file query.cif (mmCIF, C-alpha atoms)
data_entry
#
loop_
_atom_site.label_atom_id
_atom_site.label_comp_id
_atom_site.auth_asym_id
_atom_site.auth_seq_id
_atom_site.Cartn_x
_atom_site.Cartn_y
_atom_site.Cartn_z
CA MET A 1 177.42 62.67 53.34
CA THR A 2 177.35 59.76 55.78
CA ALA A 3 174.23 57.73 56.53
CA ASP A 4 175.64 55.51 59.28
CA LEU A 5 173.16 56.78 61.89
CA VAL A 6 170.04 56.44 59.74
CA PRO A 7 169.42 52.84 60.96
CA LEU A 8 169.71 54.13 64.55
CA ALA A 9 167.10 56.78 63.75
CA LEU A 10 164.85 54.03 62.41
CA LEU A 11 165.34 51.92 65.54
CA MET A 12 164.61 54.92 67.77
CA GLY A 13 161.47 55.56 65.75
CA LEU A 14 160.43 51.93 66.20
CA ALA A 15 161.02 52.23 69.95
CA THR A 16 158.76 55.29 70.10
CA TYR A 17 155.94 54.32 67.75
CA PRO A 18 154.18 51.69 69.94
CA PHE A 19 153.66 54.24 72.73
CA ARG A 20 152.05 56.60 70.23
CA ALA A 21 150.01 54.00 68.38
CA ILE A 22 148.79 51.23 70.68
CA PRO A 23 145.92 53.12 72.36
CA LEU A 24 144.88 54.62 69.02
CA LEU A 25 144.86 51.29 67.19
CA LEU A 26 143.66 48.99 69.96
CA PRO A 27 140.11 47.86 69.13
CA GLY A 28 137.40 48.72 71.63
CA PHE A 29 139.20 51.61 73.25
CA GLU A 30 136.11 53.78 72.81
CA ARG A 31 134.08 51.33 74.90
CA LEU A 32 136.09 51.87 78.08
CA PRO A 33 134.22 52.16 81.39
CA ALA A 34 133.06 55.65 82.33
CA ARG A 35 135.54 55.96 85.20
CA VAL A 36 138.44 55.21 82.88
CA ARG A 37 137.21 57.82 80.44
CA VAL A 38 136.96 60.38 83.24
CA TYR A 39 140.55 59.50 84.12
CA LEU A 40 141.66 59.96 80.51
CA ARG A 41 139.93 63.33 80.29
CA LEU A 42 142.02 64.47 83.27
CA VAL A 43 145.30 63.28 81.73
CA GLY A 44 145.48 66.39 79.52
CA PRO A 45 145.70 69.09 82.20
CA SER A 46 147.77 66.81 84.40
CA VAL A 47 150.49 65.85 81.92
CA LEU A 48 150.70 69.33 80.36
CA ALA A 49 151.08 70.89 83.81
CA ALA A 50 153.78 68.31 84.60
CA LEU A 51 155.60 69.17 81.35
CA ALA A 52 155.46 72.89 82.12
CA ALA A 53 156.58 72.50 85.73
CA VAL A 54 159.38 70.01 85.06
CA ASN A 55 160.76 72.03 82.15
CA THR A 56 160.73 75.19 84.28
CA MET A 57 161.85 73.91 87.67
CA VAL A 58 164.10 70.91 86.99
CA VAL A 59 167.41 71.16 85.18
CA VAL A 60 169.80 68.32 84.39
CA ASP A 61 173.56 68.51 84.10
CA ALA A 62 175.72 66.72 81.53
CA ALA A 63 175.42 63.47 83.49
CA ARG A 64 171.60 63.86 83.58
CA ARG A 65 171.60 64.55 87.34
CA PRO A 66 168.49 66.62 88.13
CA SER A 67 168.45 69.69 90.36
CA PHE A 68 165.85 72.28 91.38
CA GLN A 69 165.96 75.58 89.53
CA ILE A 70 164.63 78.87 90.85
CA GLY A 71 164.95 81.65 88.34
CA PRO A 72 163.35 84.23 86.08
CA GLU A 73 161.95 81.39 83.93
CA TRP A 74 159.27 81.04 86.61
CA ILE A 75 158.18 84.64 85.99
CA ALA A 76 158.04 84.14 82.22
CA VAL A 77 156.00 80.91 82.41
CA GLY A 78 153.79 82.36 85.16
CA LEU A 79 153.14 85.42 83.01
CA CYS A 80 152.00 83.24 80.11
CA ILE A 81 149.72 81.19 82.37
CA LEU A 82 148.22 84.38 83.82
CA VAL A 83 147.54 85.83 80.38
CA VAL A 84 145.88 82.61 79.20
CA ALA A 85 143.77 82.44 82.36
CA LEU A 86 142.65 86.06 82.10
CA ARG A 87 142.68 86.78 78.36
CA LYS A 88 142.42 83.29 76.78
CA SER A 89 145.24 84.19 74.39
CA LEU A 90 148.15 81.76 74.25
CA LEU A 91 149.93 83.73 71.53
CA ILE A 92 150.04 86.93 73.60
CA GLY A 93 151.11 84.90 76.61
CA LEU A 94 153.96 83.29 74.69
CA LEU A 95 155.13 86.59 73.22
CA LEU A 96 155.16 88.15 76.70
CA ALA A 97 156.98 85.13 78.16
CA ALA A 98 159.69 85.09 75.47
CA GLY A 99 159.96 88.89 75.47
CA SER A 100 160.32 89.16 79.23
CA ILE A 101 163.01 86.50 79.49
CA ALA A 102 164.87 87.93 76.47
CA LEU A 103 164.80 91.37 78.08
CA LEU A 104 166.03 90.03 81.43
CA ARG A 105 168.87 88.22 79.65
CA ALA A 106 169.75 91.27 77.57
CA VAL A 107 170.16 93.45 80.68
CA GLY A 108 172.07 90.70 82.48
CA ALA A 109 169.36 90.01 85.06
CA ALA A 110 169.01 86.40 83.89
CA PRO A 111 171.72 84.02 82.68
CA LEU A 112 171.57 82.21 79.36
CA PRO A 113 170.73 78.51 79.79
CA MET B 114 136.16 77.88 78.33
CA VAL B 115 133.46 75.24 78.49
CA ALA B 116 134.06 71.85 76.86
CA GLY B 117 132.16 71.22 73.67
CA VAL B 118 130.31 74.51 73.15
CA MET B 119 132.46 76.29 70.57
CA ASP B 120 131.71 76.43 66.86
CA ILE B 121 134.28 74.47 64.83
CA ARG B 122 135.34 77.47 62.72
CA GLU B 123 135.84 79.58 65.80
CA SER B 124 137.81 76.78 67.46
CA ARG B 125 139.98 76.37 64.35
CA ARG B 126 140.78 80.08 64.43
CA GLN B 127 141.78 79.68 68.07
CA LEU B 128 143.86 76.64 67.12
CA LEU B 129 145.70 78.60 64.40
CA LEU B 130 146.51 81.41 66.82
CA ASP B 131 147.75 78.93 69.42
CA SER B 132 149.75 77.15 66.72
CA LEU B 133 151.75 80.29 65.91
CA GLY B 134 153.49 80.18 69.26
CA ILE B 135 154.10 76.45 68.97
CA MET B 136 155.58 76.97 65.47
CA ILE B 137 158.10 79.44 66.86
CA SER B 138 158.94 77.04 69.67
CA ALA B 139 159.34 74.02 67.34
CA GLY B 140 161.44 76.09 64.93
CA GLY B 141 163.69 77.37 67.71
CA PHE B 142 164.22 73.94 69.23
CA GLY B 143 164.71 72.36 65.81
CA LEU B 144 167.39 74.91 65.08
CA VAL B 145 169.23 74.15 68.31
CA TYR B 146 168.88 70.42 67.63
CA GLY B 147 170.29 70.83 64.11
CA LEU B 148 173.18 72.92 65.43
CA THR B 149 173.98 70.41 68.16
CA ALA B 150 173.77 67.47 65.76
CA GLY B 151 176.03 69.23 63.27
CA GLU B 152 178.60 70.04 65.95
CA ALA B 153 178.49 66.37 67.06
CA GLY B 154 179.39 65.26 63.54
CA PHE B 155 175.95 64.18 62.30
CA SER B 156 175.47 64.63 58.57
CA PRO B 157 172.38 66.57 57.40
CA LEU B 158 170.88 63.24 56.28
CA GLU B 159 171.42 61.65 59.70
CA ALA B 160 170.09 64.66 61.61
CA SER B 161 167.03 64.86 59.34
CA ALA B 162 166.40 61.10 59.57
CA MET B 163 166.17 61.51 63.36
CA SER B 164 163.75 64.42 63.04
CA VAL B 165 161.54 62.59 60.54
CA LEU B 166 161.64 59.04 61.93
CA VAL B 167 161.85 59.72 65.68
CA PHE B 168 160.21 63.17 65.76
CA ALA B 169 160.62 63.55 69.52
CA GLY B 170 162.87 66.40 70.57
CA ALA B 171 164.09 65.39 74.02
CA SER B 172 165.10 61.88 72.99
CA GLN B 173 166.85 63.24 69.88
CA PHE B 174 168.93 65.61 72.00
CA VAL B 175 169.82 62.86 74.45
CA ALA B 176 170.70 60.48 71.59
CA ILE B 177 173.29 62.95 70.28
CA GLY B 178 175.07 62.85 73.62
CA TYR B 179 174.99 59.08 73.76
CA VAL B 180 176.16 58.63 70.16
CA VAL B 181 179.09 60.93 70.84
CA GLY B 182 179.79 59.01 74.05
CA GLY B 183 179.84 55.72 72.14
CA VAL B 184 176.88 54.18 73.98
CA ALA B 185 175.49 50.97 72.43
CA TRP B 186 172.51 51.38 70.09
CA LEU B 187 170.38 49.00 72.18
CA ALA B 188 170.84 51.23 75.22
CA ILE B 189 169.94 54.30 73.15
CA MET B 190 166.78 52.51 71.96
CA LEU B 191 165.77 51.62 75.51
CA LEU B 192 166.37 55.16 76.72
CA THR B 193 164.36 56.51 73.79
CA ALA B 194 161.46 54.22 74.73
CA PHE B 195 161.66 55.41 78.34
CA LEU B 196 161.78 59.09 77.41
CA ASN B 197 158.86 58.75 75.00
CA ALA B 198 156.64 56.50 77.12
CA ARG B 199 154.49 59.52 78.02
CA HIS B 200 153.08 59.40 74.48
CA LEU B 201 151.03 56.43 75.65
CA LEU B 202 149.02 58.82 77.82
CA TYR B 203 148.50 61.22 74.94
CA ALA B 204 147.30 58.48 72.61
CA ALA B 205 145.01 57.06 75.30
CA ALA B 206 143.44 60.48 75.92
CA LEU B 207 142.87 61.07 72.20
CA ALA B 208 141.69 57.53 71.40
CA PRO B 209 138.02 57.97 72.36
CA TYR B 210 137.76 60.96 70.01
CA LEU B 211 139.37 59.15 67.07
CA ALA B 212 137.80 55.71 67.47
CA ASP B 213 135.57 56.05 64.40
CA ARG B 214 138.37 57.14 62.05
CA PRO B 215 139.98 54.64 59.63
CA ARG B 216 142.74 52.54 61.13
CA TRP B 217 145.33 53.64 58.56
CA LEU B 218 144.58 57.28 59.38
CA ARG B 219 145.04 56.65 63.10
CA ALA B 220 148.31 54.85 62.33
CA VAL B 221 149.62 57.95 60.51
CA MET B 222 148.29 60.28 63.19
CA ALA B 223 150.16 58.24 65.81
CA HIS B 224 153.57 58.91 64.28
CA LEU B 225 152.94 62.66 64.42
CA LEU B 226 151.79 62.66 68.05
CA THR B 227 154.06 64.90 70.10
CA ASP B 228 153.72 67.01 73.24
CA GLU B 229 152.72 69.98 71.11
CA ALA B 230 150.35 68.08 68.81
CA PHE B 231 148.60 66.54 71.81
CA ALA B 232 148.29 69.85 73.63
CA LEU B 233 146.78 71.62 70.62
CA ALA B 234 144.55 68.70 69.55
CA ILE B 235 143.07 67.90 72.96
CA ALA B 236 142.25 71.57 73.57
CA HIS B 237 140.61 71.84 70.13
CA PHE B 238 138.67 68.57 70.45
CA ARG B 239 137.39 69.54 73.87
CA ARG B 240 136.31 72.96 72.67
CA ILE B 241 134.17 71.43 69.91
CA GLY B 242 133.26 68.21 71.74
CA ARG B 243 134.48 65.86 69.00
CA ALA B 244 137.46 65.02 66.78
CA ASP B 245 138.56 67.23 63.89
CA VAL B 246 141.17 65.59 61.66
CA ARG B 247 142.03 68.85 59.90
CA GLY B 248 142.58 70.45 63.27
CA TYR B 249 144.85 67.58 64.29
CA TRP B 250 146.99 68.03 61.17
CA THR B 251 147.24 71.74 61.90
CA GLY B 252 148.71 71.03 65.32
CA ALA B 253 150.82 68.05 64.30
CA ILE B 254 152.13 68.97 60.86
CA VAL B 255 151.78 72.71 60.26
CA SER B 256 152.82 73.88 63.71
CA THR B 257 155.27 71.12 64.67
CA PHE B 258 156.49 68.65 62.02
CA ILE B 259 157.29 71.17 59.28
CA PRO B 260 158.99 73.82 61.47
CA TRP B 261 160.91 71.14 63.39
CA ASN B 262 162.25 69.48 60.25
CA VAL B 263 162.96 72.66 58.29
CA ALA B 264 164.78 74.12 61.30
CA THR B 265 166.76 70.88 61.72
CA ILE B 266 168.07 71.16 58.16
CA ILE B 267 168.89 74.85 58.58
CA GLY B 268 170.66 74.21 61.88
CA VAL B 269 172.76 71.30 60.66
CA THR B 270 173.74 72.92 57.35
CA ILE B 271 174.23 76.59 58.27
CA GLY B 272 175.57 75.82 61.72
CA GLY B 273 177.35 78.35 63.91
CA SER B 274 176.42 81.45 61.94
CA ILE B 275 172.95 81.38 63.57
CA PRO B 276 172.57 83.37 66.82
CA ASP B 277 171.65 81.37 69.94
CA PRO B 278 167.80 81.15 70.01
CA SER B 279 167.80 81.34 73.82
CA ARG B 280 168.99 84.96 73.52
CA PHE B 281 165.52 85.68 72.17
CA GLY B 282 163.80 83.69 74.91
CA LEU B 283 162.71 80.93 72.53
CA ASP B 284 163.70 78.23 75.04
CA ILE B 285 160.96 79.42 77.40
CA ILE B 286 158.20 79.06 74.81
CA PHE B 287 157.82 75.30 75.22
CA PRO B 288 157.14 75.22 79.02
CA ALA B 289 155.09 78.41 78.74
CA ALA B 290 152.97 76.89 75.95
CA MET B 291 152.42 73.68 77.89
CA GLY B 292 151.42 75.66 80.99
CA GLY B 293 149.11 77.90 79.00
CA LEU B 294 147.45 74.99 77.22
CA ALA B 295 147.03 73.17 80.55
CA VAL B 296 145.21 76.21 81.92
CA GLY B 297 143.01 76.21 78.83
CA LEU B 298 141.91 72.66 79.66
CA ILE B 299 140.90 73.54 83.22
CA THR B 300 137.14 73.79 83.23
CA GLY B 301 136.42 72.69 86.79
CA ARG B 302 137.82 71.69 90.16
CA ARG B 303 138.77 68.21 89.02
CA GLU B 304 140.95 69.46 86.15
CA LEU B 305 142.48 72.05 88.47
CA VAL B 306 143.38 69.46 91.09
CA ALA B 307 144.68 67.05 88.43
CA GLY B 308 146.84 69.83 86.96
CA ILE B 309 148.25 70.95 90.32
CA PHE B 310 149.08 67.42 91.42
CA GLY B 311 150.49 66.59 87.98
CA ALA B 312 152.89 69.52 88.30
CA VAL B 313 153.86 68.80 91.92
CA LEU B 314 154.39 65.09 91.31
CA GLY B 315 156.25 65.79 88.09
CA VAL B 316 158.75 68.04 89.84
CA GLY B 317 159.07 65.74 92.87
CA VAL B 318 159.72 62.58 90.90
CA GLY B 319 161.78 64.52 88.37
CA LEU B 320 164.13 65.67 91.14
CA ALA B 321 164.23 62.33 92.92
CA TRP B 322 164.81 60.26 89.78
CA ASP B 323 164.64 61.70 86.28
CA PRO B 324 162.67 64.51 84.59
CA ALA B 325 161.16 62.09 82.03
CA ALA B 326 159.96 59.83 84.85
CA GLY B 327 158.54 62.90 86.59
CA ILE B 328 156.44 63.83 83.56
CA ILE B 329 155.09 60.30 83.32
CA ALA B 330 154.37 60.15 87.07
CA GLY B 331 152.61 63.51 86.98
CA GLY B 332 150.54 62.46 83.98
CA VAL B 333 149.61 59.04 85.40
CA ILE B 334 148.98 59.90 89.07
CA GLY B 335 147.72 63.50 88.77
CA PRO B 336 144.34 62.47 87.27
CA LEU B 337 143.72 60.12 90.22
CA PHE B 338 143.79 63.12 92.57
CA GLY B 339 141.42 64.91 90.22
CA MET B 340 139.04 61.97 90.32
CA ALA B 341 139.06 62.02 94.11
CA VAL B 342 137.48 65.49 94.02
CA ARG B 343 133.73 65.59 93.66
CA GLY B 344 132.64 68.03 90.96
CA LYS B 345 130.52 71.01 91.95
CA ASP B 346 127.54 69.64 90.07
CA GLY B 347 128.11 66.00 90.95
CA ARG B 348 126.99 63.17 88.71
CA GLU B 349 125.95 65.33 85.76
CA ARG B 350 129.46 66.77 85.60
CA GLU B 351 130.99 63.31 85.86
CA ALA B 352 128.85 62.06 83.00
CA GLN B 353 129.93 64.99 80.86
CA LEU B 354 133.58 64.35 81.68
CA ALA B 355 133.21 60.72 80.70
CA PHE B 356 131.09 61.00 77.60
CA GLY B 357 131.70 64.53 76.41
CA PRO B 358 129.09 67.22 76.06
CA GLU B 359 125.45 66.28 75.81
CA PRO B 360 124.34 65.56 72.26
CA ARG B 361 121.82 67.78 70.54
CA ALA B 362 118.61 66.94 72.36
CA GLN B 363 115.13 66.60 70.91
CA PRO B 364 112.58 68.71 72.78
CA ALA B 365 111.07 66.70 75.59
CA PRO B 366 107.45 65.67 75.01
CA PHE B 367 106.30 67.57 78.07
CA TYR B 368 108.09 70.72 76.91
CA PRO B 369 106.96 71.26 73.33
CA ALA B 370 109.06 73.34 70.97
CA ARG B 371 107.45 76.67 70.25
CA PRO B 372 109.02 78.40 67.27
CA GLY B 373 109.74 82.05 67.79
CA LEU B 374 109.44 81.94 71.56
CA GLY B 375 113.12 82.62 71.97
CA VAL B 376 113.52 80.39 74.99
CA HIS B 377 117.19 79.60 75.49
CA ASP B 378 117.74 75.88 75.88
CA ASP B 379 121.27 75.01 77.01
CA ARG B 380 120.89 71.51 75.67
CA THR B 381 120.90 72.72 72.07
CA ASP B 382 124.12 74.71 72.41
CA THR B 383 126.45 71.71 72.06
#

call {"tool": "encode", "arguments": {"input": "query.cif", "output": "structure tokens"}}
result
Amino acid sequence: MTADLVPLALLMGLATYPFRAIPLLLPGFERLPARVRVYLRLVGPSVLAALAAVNTMVVVDAARRPSFQIGPEWIAVGLCILVVALRKSLLIGLLLAAGSIALLRAVGAAPLP
Amino acid sequence: MVAGVMDIRESRRQLLLDSLGIMISAGGFGLVYGLTAGEAGFSPLEASAMSVLVFAGASQFVAIGYVVGGVAWLAIMLLTAFLNARHLLYAAALAPYLADRPRWLRAVMAHLLTDEAFALAIAHFRRIGRADVRGYWTGAIVSTFIPWNVATIIGVTIGGSIPDPSRFGLDIIFPAAMGGLAVGLITGRRELVAGIFGAVLGVGVGLAWDPAAGIIAGGVIGPLFGMAVRGKDGREREAQLAFGPEPRAQPAPFYPARPGLGVHDDRTDT
């Protein structure tokens, strides 16, 4: 079993860790001005919505060129969001989202990614 | 869902339920990652080292392509940093909650901070109005780290005999979970506006430049639009957004507590 890429994994981990750690370890972060704390409270919905939208609507090819995607994935994600908004149940939303897209793919109405 | 009013046990139950979906998602993606790494010639040790030491799905997938393409390690490191820069936002948003925890604990928590861990933790912390380390581990380790790493090993060792997880719709769970958890964090107009602009900016910048840049742009600029909106209840709402829910209040001197009166005081519900 080769281990040639283990040092690369370590380097990649080192490249990632500061982004995860600096705000958590920086002293005095809890004493930020109120406006900054309001901003940080709004980061959650903003970045999660961006993650959902980008992962649903933007696809990249092998050369990492992005393009806009319109497809049944929108319905699946929208269904989950609707269920969470109305029923407050993420699990049911996720099961419906995965089930609906699996069904559409099984009957050939949606292509496999 | 109102920030900071839920009992911790009730919120933990909610967290566990939410975690189930994330577990399936992490397992499915981990499986695909393991399969892809195995097909690219990674040994189980190398694939697992990536999942343990990097623990960031998108950059691990991209690294496989670059390793196969013979790209220099320095370039792979820089790309990894770029793809994972959004974690800065997650850590910054969680920092006020975790400020009173020991430094070593925060250092360990940082390594396990992923999209999923952040989404579950911030929702849980906001429900109870404070940090809950056990809740953080549930989101970071139980629902993400363990399934991701176990699935990586299964994928890289068993390989092609596993059916494609996307046939079962598992690839849609991640965006659906992020969307659902975003909706769970929307408790007012400001969050709604921040979420909408985060999504729109994310897609716009993602199409114009790169999806990873889009996510960062949405996360950085979206909240500014949210801040531009005045909350329905003005300054009180702003104070709650900044400092969390009101602490348990002592009865005001001019409003003496009267045991057994049954008067509902909102201030004591936090």

call {"tool": "atom_distance", "arguments": {"input": "query.cif", "atom1": "atom CA of Leu79 of chain A", "atom2": "atom CA of Gly308 of chain B"}}
result
17.3 Å

call {"tool": "residues_around", "arguments": {"input": "query.cif", "residues": "Val58 of chain A", "least_positions_apart": "4", "cutoff": "9 Å", "atoms": "only C-alpha atoms", "output": "ChimeraX atom specification"}}
result
/A:53-54,66-70 /B:316,319-320,324

call {"tool": "resolve_selection", "arguments": {"input": "query.cif", "expression": "the PyMOL selection byres ((chain A and resi 83) around 12)", "output": "number ranges by chain"}}
result
A: 76-82, 84-97; B: 289-290, 292-294, 296-297

call {"tool": "write_last_selection", "arguments": {"input": "query.cif", "atoms": "C-alpha atoms", "output": "PDB file, in the frame of the given file"}}
result
ATOM      1  CA  ALA A  76     158.040  84.140  82.220  1.00  0.00           C
ATOM      2  CA  VAL A  77     156.000  80.910  82.410  1.00  0.00           C
ATOM      3  CA  GLY A  78     153.790  82.360  85.160  1.00  0.00           C
ATOM      4  CA  LEU A  79     153.140  85.420  83.010  1.00  0.00           C
ATOM      5  CA  CYS A  80     152.000  83.240  80.110  1.00  0.00           C
ATOM      6  CA  ILE A  81     149.720  81.190  82.370  1.00  0.00           C
ATOM      7  CA  LEU A  82     148.220  84.380  83.820  1.00  0.00           C
ATOM      8  CA  VAL A  84     145.880  82.610  79.200  1.00  0.00           C
ATOM      9  CA  ALA A  85     143.770  82.440  82.360  1.00  0.00           C
ATOM     10  CA  LEU A  86     142.650  86.060  82.100  1.00  0.00           C
ATOM     11  CA  ARG A  87     142.680  86.780  78.360  1.00  0.00           C
ATOM     12  CA  LYS A  88     142.420  83.290  76.780  1.00  0.00           C
ATOM     13  CA  SER A  89     145.240  84.190  74.390  1.00  0.00           C
ATOM     14  CA  LEU A  90     148.150  81.760  74.250  1.00  0.00           C
ATOM     15  CA  LEU A  91     149.930  83.730  71.530  1.00  0.00           C
ATOM     16  CA  ILE A  92     150.040  86.930  73.600  1.00  0.00           C
ATOM     17  CA  GLY A  93     151.110  84.900  76.610  1.00  0.00           C
ATOM     18  CA  LEU A  94     153.960  83.290  74.690  1.00  0.00           C
ATOM     19  CA  LEU A  95     155.130  86.590  73.220  1.00  0.00           C
ATOM     20  CA  LEU A  96     155.160  88.150  76.700  1.00  0.00           C
ATOM     21  CA  ALA A  97     156.980  85.130  78.160  1.00  0.00           C
TER      22      ALA A  97
ATOM     23  CA  ALA B 289     155.090  78.410  78.740  1.00  0.00           C
ATOM     24  CA  ALA B 290     152.970  76.890  75.950  1.00  0.00           C
ATOM     25  CA  GLY B 292     151.420  75.660  80.990  1.00  0.00           C
ATOM     26  CA  GLY B 293     149.110  77.900  79.000  1.00  0.00           C
ATOM     27  CA  LEU B 294     147.450  74.990  77.220  1.00  0.00           C
ATOM     28  CA  VAL B 296     145.210  76.210  81.920  1.00  0.00           C
ATOM     29  CA  GLY B 297     143.010  76.210  78.830  1.00  0.00           C
TER      30      GLY B 297
END

call {"tool": "residues_around", "arguments": {"input": "query.cif", "residues": "segment 214-230 of chain B", "least_positions_apart": "3", "cutoff": "10 Å", "atoms": "only C-alpha atoms", "output": "short mmCIF file (atom, residue, chain, number, x, y, z; two decimals) with C-alpha atoms, in the frame of the given file"}}
result
data_model
loop_
_atom_site.label_atom_id
_atom_site.label_comp_id
_atom_site.auth_asym_id
_atom_site.auth_seq_id
_atom_site.Cartn_x
_atom_site.Cartn_y
_atom_site.Cartn_z
CA GLY A 13 161.47 55.56 65.75
CA LEU A 14 160.43 51.93 66.20
CA THR A 16 158.76 55.29 70.10
CA TYR A 17 155.94 54.32 67.75
CA PRO A 18 154.18 51.69 69.94
CA PHE A 19 153.66 54.24 72.73
CA ARG A 20 152.05 56.60 70.23
CA ALA A 21 150.01 54.00 68.38
CA ILE A 22 148.79 51.23 70.68
CA PRO A 23 145.92 53.12 72.36
CA LEU A 24 144.88 54.62 69.02
CA LEU A 25 144.86 51.29 67.19
CA LEU A 26 143.66 48.99 69.96
CA PRO A 27 140.11 47.86 69.13
CA VAL A 47 150.49 65.85 81.92
CA LEU A 48 150.70 69.33 80.36
CA LEU A 51 155.60 69.17 81.35
CA SER B 132 149.75 77.15 66.72
CA ILE B 135 154.10 76.45 68.97
CA MET B 136 155.58 76.97 65.47
CA SER B 138 158.94 77.04 69.67
CA ALA B 139 159.34 74.02 67.34
CA VAL B 165 161.54 62.59 60.54
CA LEU B 166 161.64 59.04 61.93
CA VAL B 167 161.85 59.72 65.68
CA PHE B 168 160.21 63.17 65.76
CA ALA B 169 160.62 63.55 69.52
CA GLY B 170 162.87 66.40 70.57
CA ASN B 197 158.86 58.75 75.00
CA ARG B 199 154.49 59.52 78.02
CA HIS B 200 153.08 59.40 74.48
CA LEU B 201 151.03 56.43 75.65
CA TYR B 203 148.50 61.22 74.94
CA ALA B 204 147.30 58.48 72.61
CA LEU B 207 142.87 61.07 72.20
CA ALA B 208 141.69 57.53 71.40
CA TYR B 210 137.76 60.96 70.01
CA LEU B 211 139.37 59.15 67.07
CA LEU B 233 146.78 71.62 70.62
CA ALA B 234 144.55 68.70 69.55
CA ILE B 235 143.07 67.90 72.96
CA ALA B 244 137.46 65.02 66.78
CA VAL B 246 141.17 65.59 61.66
CA GLY B 248 142.58 70.45 63.27
CA TYR B 249 144.85 67.58 64.29
CA TRP B 250 146.99 68.03 61.17
CA THR B 251 147.24 71.74 61.90
CA GLY B 252 148.71 71.03 65.32
CA ALA B 253 150.82 68.05 64.30
CA ILE B 254 152.13 68.97 60.86
CA VAL B 255 151.78 72.71 60.26
CA SER B 256 152.82 73.88 63.71
CA THR B 257 155.27 71.12 64.67
CA PHE B 258 156.49 68.65 62.02
CA PHE B 287 157.82 75.30 75.22
CA ALA B 290 152.97 76.89 75.95
CA MET B 291 152.42 73.68 77.89
CA LEU B 294 147.45 74.99 77.22
#

call {"tool": "resolve_selection", "arguments": {"input": "query.cif", "expression": "the PyMOL selection byres ((chain B and resi 270) around 8)", "output": "number ranges by chain"}}
result
B: 147, 151, 157, 266-269, 271-272

call {"tool": "resolve_selection", "arguments": {"input": "query.cif", "expression": "the PyMOL selection byres ((chain A and resi 12) around 9)", "output": "PyMOL selection string"}}
result
(chain A and resi 7-11+13-17) or (chain B and resi 163+166-167+172-173+186+189-191+193-194)

call {"tool": "atom_distance", "arguments": {"input": "query.cif", "atom1": "atom CA of Ile285 of chain B", "atom2": "atom CA of Pro113 of chain A"}}
result
10.1 Å

call {"tool": "decode", "arguments": {"input": "query.cif", "residues": "segment 208-247 of chain B", "atoms": "C-alpha atoms", "output": "PDB file, in the first residue's frame"}}
result
ATOM      1  CA  ALA B 208     -16.819  32.227  17.546  1.00  0.00           C
ATOM      2  CA  PRO B 209     -19.049  34.393  19.771  1.00  0.00           C
ATOM      3  CA  TYR B 210     -20.836  31.271  21.023  1.00  0.00           C
ATOM      4  CA  LEU B 211     -17.615  29.382  21.795  1.00  0.00           C
ATOM      5  CA  ALA B 212     -15.518  32.219  23.218  1.00  0.00           C
ATOM      6  CA  ASP B 213     -15.638  30.908  26.791  1.00  0.00           C
ATOM      7  CA  ARG B 214     -14.566  27.357  25.898  1.00  0.00           C
ATOM      8  CA  PRO B 215     -10.954  26.215  26.442  1.00  0.00           C
ATOM      9  CA  ARG B 216      -8.574  27.087  23.637  1.00  0.00           C
ATOM     10  CA  TRP B 217      -7.521  23.473  23.042  1.00  0.00           C
ATOM     11  CA  LEU B 218     -11.177  22.490  22.660  1.00  0.00           C
ATOM     12  CA  ARG B 219     -11.779  25.245  20.111  1.00  0.00           C
ATOM     13  CA  ALA B 220      -8.643  24.117  18.255  1.00  0.00           C
ATOM     14  CA  VAL B 221     -10.058  20.574  17.952  1.00  0.00           C
ATOM     15  CA  MET B 222     -13.511  21.864  17.048  1.00  0.00           C
ATOM     16  CA  ALA B 223     -11.945  23.930  14.255  1.00  0.00           C
ATOM     17  CA  HIS B 224     -10.563  20.892  12.438  1.00  0.00           C
ATOM     18  CA  LEU B 225     -14.021  19.306  12.368  1.00  0.00           C
ATOM     19  CA  LEU B 226     -15.774  22.424  11.044  1.00  0.00           C
ATOM     20  CA  THR B 227     -17.443  21.630   7.732  1.00  0.00           C
ATOM     21  CA  ASP B 228     -20.463  22.904   5.811  1.00  0.00           C
ATOM     22  CA  GLU B 229     -22.612  20.289   7.510  1.00  0.00           C
ATOM     23  CA  ALA B 230     -21.182  20.767  11.013  1.00  0.00           C
ATOM     24  CA  PHE B 231     -21.676  24.525  10.744  1.00  0.00           C
ATOM     25  CA  ALA B 232     -25.222  24.215   9.457  1.00  0.00           C
ATOM     26  CA  LEU B 233     -26.269  21.853  12.244  1.00  0.00           C
ATOM     27  CA  ALA B 234     -24.368  23.681  15.008  1.00  0.00           C
ATOM     28  CA  ILE B 235     -25.512  27.215  14.190  1.00  0.00           C
ATOM     29  CA  ALA B 236     -29.140  26.089  13.986  1.00  0.00           C
ATOM     30  CA  HIS B 237     -28.836  24.270  17.334  1.00  0.00           C
ATOM     31  CA  PHE B 238     -27.006  27.140  19.074  1.00  0.00           C
ATOM     32  CA  ARG B 239     -29.552  29.653  17.862  1.00  0.00           C
ATOM     33  CA  ARG B 240     -32.447  27.499  19.005  1.00  0.00           C
ATOM     34  CA  ILE B 241     -31.072  27.350  22.558  1.00  0.00           C
ATOM     35  CA  GLY B 242     -29.392  30.771  22.556  1.00  0.00           C
ATOM     36  CA  ARG B 243     -25.946  29.503  23.580  1.00  0.00           C
ATOM     37  CA  ALA B 244     -23.231  26.970  22.715  1.00  0.00           C
ATOM     38  CA  ASP B 245     -23.610  23.242  23.342  1.00  0.00           C
ATOM     39  CA  VAL B 246     -20.373  21.311  22.869  1.00  0.00           C
ATOM     40  CA  ARG B 247     -22.131  17.942  22.859  1.00  0.00           C
TER      41      ARG B 247
END
